[in-house]
Amino acid sequence: MHIFRPFLISLGIAGVYAATPTTSAQSSSVTGCHTHGSDIYCIDGNGKEVLVSATSTPTTGVPAQYTGCHSHGSESYCMDADGNDVLVQAEGTTTETASTDSHSEHASEESSGETKQNCHFHAGVEHCVGEGESEGGSSGASCGVRSRDYDIPLRIGTLFVVLVTSSIGVFAPMLLMKLPSASINGVVSTVIKQFGTGIIIATGFIHLYTHANLMFTNDCLGELKYEATTSAVVVAGIFIAFLLEYIGHRIIVARNSKNHSTETILSESESQQTQPKEHGHSSPEQQQHSTLAGLSHSHGSYDLTGPNSKFSVMVMEAGILFHSILIGLTLVVAGDSFYKTLLVVIVFHQFFEGLALGARIATLPGAIFPSKASMAMAFALITPIGMAIGLGVLHTFNGNSRGTLIALGTLDALSAGILVWVGVVDMWARDWVIEGGEMMNAKLGKVFTGGISFVSGLVLMGLLGKWA
């Protein structure tokens with residue numbers, strides 16, 4: 001049938017043209033076809049030379065004519081011997097131009113698709129993903145300071161919003177654990193502590209590790225010779241946290257042992273003065289038992305065997321404070337187009353993180369004031385302080401400068417390592433799998449409650465990682 005197709009189309013089109021008095025029958029075909037170089041030219045019905053842009057090279061040489069000429073919009077086409085459309089252009093139009101013009105609309109759509117970008121802020125640094133855009137990269141057009149719109153009154157007002165939210169989050173566990181009912185107190189304590197464990201672990205892995213990796217893979221930083229930089233700095237943070245805790249605990253054990261020895265000597269001296277000489281000596285077994293009992297006892301606020309050692313909590317808070325001040329700084333310098341969305345995410349982030357820290361501070365022995373309150377207040381103030389710093393450098397801060405990217409990436413990765421150590425070892429493992437942990441041999445009801453709370457913390461903070 002394809003042999004007769006040109007003939008049938010020609011008849012149909014000829015009939016159309018015959019019905020139109022202003023069109024000659026000759027316009028349904030182009031004749032006298034010949035070549036100029038690699039281009040094919042023919043003569044139309046008006047005797048003018050036209051360029052024929054064939055989609056494929058004829059296998060039997062240049063045909064004498066093309067028939068079945070018709071229009072698609074503003075363009076004219078004819079049919080070759082195989083029934084394929086060929087584009088017919090006026091003389092002087094090159095093949096390349098004709099091809100470009102025939103696809104101009106499609107090319108325009110592709111071009112607009114390539115320039116379309118999905119930009120958002122991670123840790124205050126604009127991160128764009130789209131056609132022609134590399135992951136973790138900035139726009140690539142410029143790594144200098146970008147001019148953005150900043151609503152200063154809005155930023156000043158939200159500084160106090162973050163302050164109040166952080167304060168509520170960190171102080172709430174201390175107040176809730178003072179509830180009079182022992183059963184309610186126990187449930188509240190379990191829920192908040194295990195929820196906080198999930199928050200800390202997700203913050204380290206999902207938020208801080210991701211932010212650090214985005215900094216170290218940013219196009220404006222250039223190619224790193226060591227591709228595992230992010231992981232290496234995170235491991236360094238883990239080792240630093242371990243070293244601080246190990247040395248700190250050794251110092252505390254040595255101090256407590258010395259103090260206990262002094263107390264034992266004084267106690268024995270007093271005992272010898274008040275008791276008969278024959279009863280003033282105790283057996284070596286009794287003395288050893290007394291020493292071990294003293295070392296296992298918690299002196300003041302130092303619980304050396306549990307996950308709630310004051311030193312462990314202080315190490316955790318140090319990691320949180322490092323990245324909280326960065327959160328405040330980078331929140332303020334984000335553009336207005338994304339500021340409100342980022343603010344909502346940061347408010348929830350700081351509230352949940354405050355709960356996690358507050359739950360561990362609340363379990364430390366001693367009164368709330370002044371030690372616990374000062375630790376909680378440090379967390380509540382640190383993000384607003386970072387926001388105040390951000391307001392001071394609002395128009396000069398360049399999140400895409402090499403020095404800034406290295407500094408932010410390093411601090412985020414170190415903080416991630418610290419929180420990973422504290423979250424996985426001091427909180428998760430010591431509560432659940434290390435001998436003496438409160439969840440290891442707990443009743444099934446408490447295990448179920450703690451497990452659901454832990455997973456909820458992981459999921460909620462993981463979800464927030466989509467925006468911040």
# chains A, B, ... in the order shown; residues from 1 in each chain; ligands from 1
$ residues_around --residues "Glu75 in chain A" --least-positions-apart "4" --cutoff "9 Å" --atoms "only C-alpha atoms" --output "PyMOL selection string"
chain A and resi 70-71+87-89+102
$ write_last_selection --atoms "N, CA, C and O atoms" --output "tab-separated table (two decimals), in the first residue's frame"
chain	number	residue	atom	x	y	z
A	70	HIS	N	2.08	19.69	1.18
A	70	HIS	CA	1.03	20.11	2.10
A	70	HIS	C	1.68	20.94	3.21
A	70	HIS	O	2.90	21.11	3.25
A	71	SER	N	0.85	21.47	4.08
A	71	SER	CA	1.35	22.36	5.14
A	71	SER	C	1.02	21.80	6.51
A	71	SER	O	-0.02	21.16	6.72
A	87	LEU	N	10.93	18.48	4.55
A	87	LEU	CA	10.66	19.89	4.81
A	87	LEU	C	11.12	20.72	3.62
A	87	LEU	O	12.23	20.52	3.11
A	88	VAL	N	10.28	21.64	3.19
A	88	VAL	CA	10.59	22.52	2.06
A	88	VAL	C	10.74	23.94	2.57
A	88	VAL	O	9.82	24.48	3.19
A	89	GLN	N	11.91	24.54	2.33
A	89	GLN	CA	12.21	25.89	2.81
A	89	GLN	C	12.58	26.79	1.64
A	89	GLN	O	13.00	26.31	0.58
A	102	SER	N	12.70	24.09	12.88
A	102	SER	CA	11.61	23.12	12.97
A	102	SER	C	11.45	22.56	14.37
A	102	SER	O	10.41	22.04	14.73
$ residues_around --residues "Phe242 in chain A" --least-positions-apart "2" --cutoff "10 Å" --atoms "only C-alpha atoms" --output "ChimeraX atom specification"
/A:236-240,244-248,312,315,417-418,421-422,425
$ write_last_selection --atoms "all heavy atoms" --output "compact mmCIF listing (two decimals), in the first residue's frame"
# COMPACT_ATOMS: atom_id res chain seq x y z
N ALA A 236 36.41 11.10 64.02
CA ALA A 236 37.20 11.90 64.96
C ALA A 236 36.32 12.42 66.10
O ALA A 236 36.74 12.43 67.26
CB ALA A 236 37.86 13.07 64.23
N GLY A 237 35.09 12.84 65.78
CA GLY A 237 34.17 13.29 66.82
C GLY A 237 33.81 12.18 67.79
O GLY A 237 33.72 12.39 69.00
N ILE A 238 33.59 10.98 67.26
CA ILE A 238 33.31 9.82 68.12
C ILE A 238 34.48 9.55 69.05
O ILE A 238 34.31 9.31 70.26
CB ILE A 238 33.01 8.58 67.26
CG1 ILE A 238 31.70 8.78 66.47
CG2 ILE A 238 32.92 7.32 68.12
CD1 ILE A 238 31.40 7.66 65.49
N PHE A 239 35.69 9.59 68.51
CA PHE A 239 36.88 9.31 69.33
C PHE A 239 37.07 10.39 70.39
O PHE A 239 37.42 10.08 71.54
CB PHE A 239 38.12 9.24 68.43
CG PHE A 239 39.37 8.92 69.19
CD1 PHE A 239 39.64 7.63 69.62
CD2 PHE A 239 40.28 9.92 69.50
CE1 PHE A 239 40.79 7.34 70.33
CE2 PHE A 239 41.44 9.65 70.21
CZ PHE A 239 41.70 8.35 70.62
N ILE A 240 36.84 11.65 70.03
CA ILE A 240 36.98 12.74 71.01
C ILE A 240 35.99 12.55 72.17
O ILE A 240 36.34 12.70 73.34
CB ILE A 240 36.77 14.10 70.33
CG1 ILE A 240 37.96 14.41 69.40
CG2 ILE A 240 36.61 15.21 71.37
CD1 ILE A 240 37.74 15.65 68.55
N LEU A 244 37.15 11.94 76.02
CA LEU A 244 36.73 12.83 77.10
C LEU A 244 36.06 12.06 78.23
O LEU A 244 36.34 12.26 79.42
CB LEU A 244 35.80 13.91 76.56
CG LEU A 244 36.43 15.00 75.69
CD1 LEU A 244 35.36 15.92 75.12
CD2 LEU A 244 37.44 15.82 76.50
N GLU A 245 35.16 11.16 77.86
CA GLU A 245 34.46 10.39 78.89
C GLU A 245 35.41 9.46 79.63
O GLU A 245 35.34 9.32 80.86
CB GLU A 245 33.32 9.58 78.25
CG GLU A 245 32.10 10.41 77.93
CD GLU A 245 30.86 9.53 77.81
OE1 GLU A 245 30.80 8.48 78.47
OE2 GLU A 245 29.96 9.92 77.07
N TYR A 246 36.30 8.81 78.90
CA TYR A 246 37.21 7.86 79.53
C TYR A 246 38.14 8.57 80.52
O TYR A 246 38.28 8.15 81.67
CB TYR A 246 38.03 7.14 78.46
CG TYR A 246 38.99 6.12 79.03
CD1 TYR A 246 38.52 4.90 79.50
CD2 TYR A 246 40.35 6.39 79.11
CE1 TYR A 246 39.38 3.95 80.03
CE2 TYR A 246 41.22 5.45 79.65
CZ TYR A 246 40.74 4.24 80.10
OH TYR A 246 41.60 3.31 80.63
N ILE A 247 38.76 9.65 80.06
CA ILE A 247 39.67 10.40 80.94
C ILE A 247 38.90 11.00 82.11
O ILE A 247 39.35 10.95 83.27
CB ILE A 247 40.40 11.49 80.15
CG1 ILE A 247 41.33 10.86 79.10
CG2 ILE A 247 41.20 12.40 81.08
CD1 ILE A 247 41.99 11.87 78.19
N GLY A 248 37.74 11.55 81.83
CA GLY A 248 36.93 12.14 82.89
C GLY A 248 36.53 11.14 83.95
O GLY A 248 36.62 11.41 85.16
N SER A 312 28.92 12.44 81.30
CA SER A 312 28.36 11.99 80.03
C SER A 312 27.33 12.98 79.49
O SER A 312 27.30 13.28 78.30
CB SER A 312 27.71 10.61 80.19
OG SER A 312 28.66 9.65 80.56
N VAL A 315 29.12 15.97 78.07
CA VAL A 315 29.68 15.71 76.75
C VAL A 315 28.58 15.79 75.69
O VAL A 315 28.76 16.38 74.62
CB VAL A 315 30.36 14.32 76.70
CG1 VAL A 315 30.74 13.94 75.28
CG2 VAL A 315 31.60 14.32 77.59
N GLY A 417 29.61 13.20 65.31
CA GLY A 417 30.34 12.13 65.98
C GLY A 417 30.09 12.09 67.47
O GLY A 417 29.90 11.01 68.06
N ILE A 418 30.07 13.25 68.10
CA ILE A 418 29.82 13.32 69.55
C ILE A 418 28.43 12.78 69.88
O ILE A 418 28.25 11.98 70.80
CB ILE A 418 29.98 14.77 70.05
CG1 ILE A 418 31.45 15.20 69.96
CG2 ILE A 418 29.49 14.90 71.50
CD1 ILE A 418 31.68 16.66 70.26
N TRP A 421 28.18 8.94 69.47
CA TRP A 421 28.74 8.23 70.62
C TRP A 421 27.80 8.29 71.82
O TRP A 421 27.46 7.27 72.42
CB TRP A 421 30.10 8.82 71.00
CG TRP A 421 30.59 8.32 72.33
CD1 TRP A 421 30.41 8.92 73.55
CD2 TRP A 421 31.31 7.11 72.57
NE1 TRP A 421 30.98 8.15 74.54
CE2 TRP A 421 31.55 7.03 73.98
CE3 TRP A 421 31.78 6.09 71.75
CZ2 TRP A 421 32.22 5.98 74.56
CZ3 TRP A 421 32.47 5.03 72.35
CH2 TRP A 421 32.67 4.98 73.72
N VAL A 422 27.37 9.49 72.16
CA VAL A 422 26.50 9.66 73.33
C VAL A 422 25.18 8.94 73.12
O VAL A 422 24.67 8.25 74.03
CB VAL A 422 26.27 11.15 73.61
CG1 VAL A 422 25.23 11.34 74.71
CG2 VAL A 422 27.57 11.83 74.01
N VAL A 425 25.98 4.81 72.58
CA VAL A 425 26.65 4.13 73.69
C VAL A 425 26.04 4.53 75.03
O VAL A 425 25.56 3.67 75.79
CB VAL A 425 28.16 4.44 73.67
CG1 VAL A 425 28.86 3.79 74.86
CG2 VAL A 425 28.78 3.95 72.37
$ atom_distance --atom1 "CA of Gly423 in chain A" --atom2 "CA of Met314 in chain A"
12.9 Å
$ residues_around --residues "Gly386 in chain A" --least-positions-apart "2" --cutoff "8 Å" --atoms "only C-alpha atoms" --output "list of chain:residue names"
A:Ser324, A:Ile325, A:Leu326, A:Ile327, A:Gly328, A:Leu329, A:Ile382, A:Thr383, A:Pro384, A:Ala388, A:Ile389, A:Gly390
$ closest_atom_pairs --of "range 306-406 of chain A" --to "range 445-459 of chain A" --cutoff "12 Å" --atoms "only C-alpha atoms" --output "JSON lines"
{"residue": "A:Phe348", "atom": "CA", "partner": "A:Gly457", "partner_atom": "CA", "distance": 11.9}
{"residue": "A:His349", "atom": "CA", "partner": "A:Gly457", "partner_atom": "CA", "distance": 11.0}
{"residue": "A:Phe351", "atom": "CA", "partner": "A:Gly457", "partner_atom": "CA", "distance": 12.0}
{"residue": "A:Phe352", "atom": "CA", "partner": "A:Gly457", "partner_atom": "CA", "distance": 8.2}
{"residue": "A:Glu353", "atom": "CA", "partner": "A:Gly457", "partner_atom": "CA", "distance": 9.7}
{"residue": "A:Leu355", "atom": "CA", "partner": "A:Gly457", "partner_atom": "CA", "distance": 10.4}
{"residue": "A:Ala356", "atom": "CA", "partner": "A:Gly457", "partner_atom": "CA", "distance": 9.2}
$ write_last_selection --atoms "all heavy atoms" --output "mmCIF file, in the first residue's frame"
data_model
loop_
_atom_site.group_PDB
_atom_site.id
_atom_site.type_symbol
_atom_site.label_atom_id
_atom_site.label_comp_id
_atom_site.auth_asym_id
_atom_site.auth_seq_id
_atom_site.Cartn_x
_atom_site.Cartn_y
_atom_site.Cartn_z
ATOM 1 N N PHE A 348 10.596 23.014 65.902
ATOM 2 C CA PHE A 348 10.335 21.634 66.315
ATOM 3 C C PHE A 348 11.637 20.912 66.658
ATOM 4 O O PHE A 348 11.698 20.146 67.622
ATOM 5 C CB PHE A 348 9.585 20.880 65.215
ATOM 6 C CG PHE A 348 8.110 21.137 65.190
ATOM 7 C CD1 PHE A 348 7.545 21.993 64.260
ATOM 8 C CD2 PHE A 348 7.275 20.535 66.118
ATOM 9 C CE1 PHE A 348 6.187 22.240 64.241
ATOM 10 C CE2 PHE A 348 5.908 20.769 66.114
ATOM 11 C CZ PHE A 348 5.356 21.634 65.169
ATOM 12 N N HIS A 349 12.654 21.153 65.846
ATOM 13 C CA HIS A 349 13.959 20.527 66.077
ATOM 14 C C HIS A 349 14.503 20.876 67.456
ATOM 15 O O HIS A 349 14.929 19.999 68.222
ATOM 16 C CB HIS A 349 14.926 20.992 64.984
ATOM 17 C CG HIS A 349 16.307 20.437 65.101
ATOM 18 N ND1 HIS A 349 17.236 20.920 66.011
ATOM 19 C CD2 HIS A 349 16.937 19.441 64.442
ATOM 20 C CE1 HIS A 349 18.352 20.241 65.892
ATOM 21 N NE2 HIS A 349 18.206 19.339 64.946
ATOM 22 N N PHE A 351 12.836 22.059 70.043
ATOM 23 C CA PHE A 351 11.940 21.581 71.096
ATOM 24 C C PHE A 351 12.221 20.104 71.401
ATOM 25 O O PHE A 351 12.370 19.718 72.572
ATOM 26 C CB PHE A 351 10.486 21.759 70.680
ATOM 27 C CG PHE A 351 9.499 21.221 71.677
ATOM 28 C CD1 PHE A 351 9.248 21.889 72.867
ATOM 29 C CD2 PHE A 351 8.833 20.028 71.436
ATOM 30 C CE1 PHE A 351 8.345 21.390 73.799
ATOM 31 C CE2 PHE A 351 7.932 19.516 72.354
ATOM 32 C CZ PHE A 351 7.682 20.200 73.534
ATOM 33 N N PHE A 352 12.302 19.276 70.354
ATOM 34 C CA PHE A 352 12.554 17.848 70.557
ATOM 35 C C PHE A 352 13.942 17.617 71.148
ATOM 36 O O PHE A 352 14.123 16.772 72.029
ATOM 37 C CB PHE A 352 12.421 17.089 69.234
ATOM 38 C CG PHE A 352 11.021 17.020 68.723
ATOM 39 C CD1 PHE A 352 10.753 17.031 67.354
ATOM 40 C CD2 PHE A 352 9.951 16.949 69.593
ATOM 41 C CE1 PHE A 352 9.466 16.962 66.878
ATOM 42 C CE2 PHE A 352 8.647 16.883 69.131
ATOM 43 C CZ PHE A 352 8.398 16.889 67.763
ATOM 44 N N GLU A 353 14.917 18.357 70.661
ATOM 45 C CA GLU A 353 16.268 18.202 71.177
ATOM 46 C C GLU A 353 16.347 18.671 72.637
ATOM 47 O O GLU A 353 17.071 18.092 73.449
ATOM 48 C CB GLU A 353 17.254 18.983 70.316
ATOM 49 C CG GLU A 353 18.674 18.483 70.413
ATOM 50 C CD GLU A 353 19.543 19.032 69.302
ATOM 51 O OE1 GLU A 353 19.587 20.271 69.138
ATOM 52 O OE2 GLU A 353 20.176 18.242 68.605
ATOM 53 N N LEU A 355 13.881 18.395 74.767
ATOM 54 C CA LEU A 355 13.311 17.284 75.535
ATOM 55 C C LEU A 355 14.358 16.209 75.800
ATOM 56 O O LEU A 355 14.460 15.672 76.909
ATOM 57 C CB LEU A 355 12.127 16.675 74.776
ATOM 58 C CG LEU A 355 10.811 17.446 74.763
ATOM 59 C CD1 LEU A 355 9.788 16.705 73.904
ATOM 60 C CD2 LEU A 355 10.269 17.634 76.175
ATOM 61 N N ALA A 356 15.144 15.886 74.759
ATOM 62 C CA ALA A 356 16.157 14.839 74.899
ATOM 63 C C ALA A 356 17.201 15.224 75.938
ATOM 64 O O ALA A 356 17.557 14.420 76.815
ATOM 65 C CB ALA A 356 16.817 14.585 73.545
#
$ residues_around --residues "Leu419 in chain A" --least-positions-apart "2" --cutoff "10 Å" --atoms "only C-alpha atoms" --output "list in words"
Ile200, Ile201, Ala202, Thr203, Gly204, Phe205, Leu208, Val234, Gly237, Ile238, Ala241, Val315, Met316, Glu317, Ala318, Gly319, Ile320, Ala413, Leu414, Ser415, Ala416, Gly417, Trp421, Val422, Gly423, Val424, Val425 and Asp426 of chain A
$ write_last_selection --atoms "N, CA and C atoms" --output "PDB file, in the first residue's frame"
ATOM      1  N   ILE A 200      18.324  12.173  69.647  1.00  0.00           N
ATOM      2  CA  ILE A 200      19.768  12.415  69.595  1.00  0.00           C
ATOM      3  C   ILE A 200      20.428  11.596  68.484  1.00  0.00           C
ATOM      4  N   ILE A 201      20.056  10.323  68.370  1.00  0.00           N
ATOM      5  CA  ILE A 201      20.658   9.468  67.333  1.00  0.00           C
ATOM      6  C   ILE A 201      20.290   9.966  65.939  1.00  0.00           C
ATOM      7  N   ALA A 202      19.013  10.304  65.724  1.00  0.00           N
ATOM      8  CA  ALA A 202      18.598  10.801  64.412  1.00  0.00           C
ATOM      9  C   ALA A 202      19.233  12.144  64.095  1.00  0.00           C
ATOM     10  N   THR A 203      19.402  12.991  65.096  1.00  0.00           N
ATOM     11  CA  THR A 203      20.060  14.284  64.873  1.00  0.00           C
ATOM     12  C   THR A 203      21.496  14.079  64.399  1.00  0.00           C
ATOM     13  N   GLY A 204      22.220  13.156  65.040  1.00  0.00           N
ATOM     14  CA  GLY A 204      23.604  12.909  64.656  1.00  0.00           C
ATOM     15  C   GLY A 204      23.738  12.357  63.259  1.00  0.00           C
ATOM     16  N   PHE A 205      22.960  11.314  62.948  1.00  0.00           N
ATOM     17  CA  PHE A 205      23.107  10.648  61.660  1.00  0.00           C
ATOM     18  C   PHE A 205      22.422  11.395  60.518  1.00  0.00           C
ATOM     19  N   LEU A 208      23.078  16.220  61.191  1.00  0.00           N
ATOM     20  CA  LEU A 208      24.440  16.750  61.191  1.00  0.00           C
ATOM     21  C   LEU A 208      25.328  16.064  60.156  1.00  0.00           C
ATOM     22  N   VAL A 234      33.644  12.645  61.306  1.00  0.00           N
ATOM     23  CA  VAL A 234      32.658  12.059  62.222  1.00  0.00           C
ATOM     24  C   VAL A 234      33.331  11.047  63.152  1.00  0.00           C
ATOM     25  N   GLY A 237      35.092  12.839  65.779  1.00  0.00           N
ATOM     26  CA  GLY A 237      34.167  13.291  66.823  1.00  0.00           C
ATOM     27  C   GLY A 237      33.806  12.177  67.786  1.00  0.00           C
ATOM     28  N   ILE A 238      33.595  10.976  67.260  1.00  0.00           N
ATOM     29  CA  ILE A 238      33.310   9.820  68.121  1.00  0.00           C
ATOM     30  C   ILE A 238      34.481   9.548  69.054  1.00  0.00           C
ATOM     31  N   ALA A 241      34.734  12.198  71.830  1.00  0.00           N
ATOM     32  CA  ALA A 241      33.729  11.978  72.873  1.00  0.00           C
ATOM     33  C   ALA A 241      34.132  10.817  73.774  1.00  0.00           C
ATOM     34  N   VAL A 315      29.122  15.972  78.073  1.00  0.00           N
ATOM     35  CA  VAL A 315      29.681  15.709  76.746  1.00  0.00           C
ATOM     36  C   VAL A 315      28.580  15.794  75.687  1.00  0.00           C
ATOM     37  N   MET A 316      27.416  15.213  75.998  1.00  0.00           N
ATOM     38  CA  MET A 316      26.289  15.291  75.074  1.00  0.00           C
ATOM     39  C   MET A 316      25.872  16.735  74.844  1.00  0.00           C
ATOM     40  N   GLU A 317      25.798  17.506  75.911  1.00  0.00           N
ATOM     41  CA  GLU A 317      25.384  18.897  75.766  1.00  0.00           C
ATOM     42  C   GLU A 317      26.403  19.690  74.946  1.00  0.00           C
ATOM     43  N   ALA A 318      27.684  19.368  75.076  1.00  0.00           N
ATOM     44  CA  ALA A 318      28.694  20.066  74.282  1.00  0.00           C
ATOM     45  C   ALA A 318      28.454  19.853  72.792  1.00  0.00           C
ATOM     46  N   GLY A 319      28.157  18.601  72.402  1.00  0.00           N
ATOM     47  CA  GLY A 319      27.862  18.329  70.997  1.00  0.00           C
ATOM     48  C   GLY A 319      26.621  19.061  70.527  1.00  0.00           C
ATOM     49  N   ILE A 320      25.603  19.135  71.385  1.00  0.00           N
ATOM     50  CA  ILE A 320      24.362  19.831  71.022  1.00  0.00           C
ATOM     51  C   ILE A 320      24.606  21.336  70.898  1.00  0.00           C
ATOM     52  N   ALA A 413      30.257  17.839  61.388  1.00  0.00           N
ATOM     53  CA  ALA A 413      30.714  16.445  61.430  1.00  0.00           C
ATOM     54  C   ALA A 413      31.212  16.069  62.828  1.00  0.00           C
ATOM     55  N   LEU A 414      31.959  16.967  63.486  1.00  0.00           N
ATOM     56  CA  LEU A 414      32.405  16.696  64.852  1.00  0.00           C
ATOM     57  C   LEU A 414      31.219  16.547  65.802  1.00  0.00           C
ATOM     58  N   SER A 415      30.241  17.441  65.665  1.00  0.00           N
ATOM     59  CA  SER A 415      29.046  17.347  66.504  1.00  0.00           C
ATOM     60  C   SER A 415      28.297  16.048  66.242  1.00  0.00           C
ATOM     61  N   ALA A 416      28.239  15.640  64.962  1.00  0.00           N
ATOM     62  CA  ALA A 416      27.589  14.375  64.624  1.00  0.00           C
ATOM     63  C   ALA A 416      28.273  13.221  65.327  1.00  0.00           C
ATOM     64  N   GLY A 417      29.613  13.200  65.309  1.00  0.00           N
ATOM     65  CA  GLY A 417      30.344  12.127  65.978  1.00  0.00           C
ATOM     66  C   GLY A 417      30.088  12.086  67.474  1.00  0.00           C
ATOM     67  N   TRP A 421      28.184   8.944  69.466  1.00  0.00           N
ATOM     68  CA  TRP A 421      28.742   8.228  70.621  1.00  0.00           C
ATOM     69  C   TRP A 421      27.801   8.291  71.818  1.00  0.00           C
ATOM     70  N   VAL A 422      27.367   9.491  72.157  1.00  0.00           N
ATOM     71  CA  VAL A 422      26.502   9.657  73.329  1.00  0.00           C
ATOM     72  C   VAL A 422      25.177   8.938  73.124  1.00  0.00           C
ATOM     73  N   GLY A 423      24.579   9.097  71.928  1.00  0.00           N
ATOM     74  CA  GLY A 423      23.272   8.499  71.674  1.00  0.00           C
ATOM     75  C   GLY A 423      23.309   6.987  71.632  1.00  0.00           C
ATOM     76  N   VAL A 424      24.286   6.426  70.930  1.00  0.00           N
ATOM     77  CA  VAL A 424      24.335   4.975  70.760  1.00  0.00           C
ATOM     78  C   VAL A 424      24.894   4.280  71.995  1.00  0.00           C
ATOM     79  N   VAL A 425      25.980   4.812  72.579  1.00  0.00           N
ATOM     80  CA  VAL A 425      26.651   4.134  73.690  1.00  0.00           C
ATOM     81  C   VAL A 425      26.043   4.527  75.035  1.00  0.00           C
ATOM     82  N   ASP A 426      26.079   5.841  75.333  1.00  0.00           N
ATOM     83  CA  ASP A 426      25.657   6.282  76.669  1.00  0.00           C
ATOM     84  C   ASP A 426      24.153   6.176  76.896  1.00  0.00           C
TER      85      ASP A 426
END
$ atom_distance --atom1 "CA of Gln350 in chain A" --atom2 "CA of Glu438 in chain A"
26.6 Å
$ closest_residue --among "A:Gly465, A:Pro365, A:Gly399, A:Gly354" --to "Val145 in chain A" --atoms "only C-alpha atoms"
A:Gly399
$ residues_around --residues "range 148-153 of chain A" --least-positions-apart "3" --cutoff "6 Å" --atoms "only C-alpha atoms" --output "PyMOL selection string"
chain A and resi 156+335-336
$ write_last_selection --atoms "N, CA, C and O atoms" --output "JSON list (two decimals), in the first residue's frame"
[["chain", "number", "residue", "atom", "x", "y", "z"],
["A", 156, "ILE", "N", 14.03, 39.21, 64.19],
["A", 156, "ILE", "CA", 14.18, 39.60, 65.60],
["A", 156, "ILE", "C", 13.06, 38.99, 66.43],
["A", 156, "ILE", "O", 13.28, 38.48, 67.54],
["A", 335, "GLY", "N", 17.36, 32.99, 52.98],
["A", 335, "GLY", "CA", 16.52, 33.98, 52.32],
["A", 335, "GLY", "C", 15.07, 33.92, 52.76],
["A", 335, "GLY", "O", 14.59, 32.90, 53.28],
["A", 336, "ASP", "N", 14.36, 35.03, 52.54],
["A", 336, "ASP", "CA", 12.95, 35.10, 52.95],
["A", 336, "ASP", "C", 12.09, 34.05, 52.28],
["A", 336, "ASP", "O", 11.06, 33.64, 52.81]]
$ select_by_dssp --residues "range 306-391 of chain A" --states "alpha helix (DSSP H)" --output "count of residues only"
69
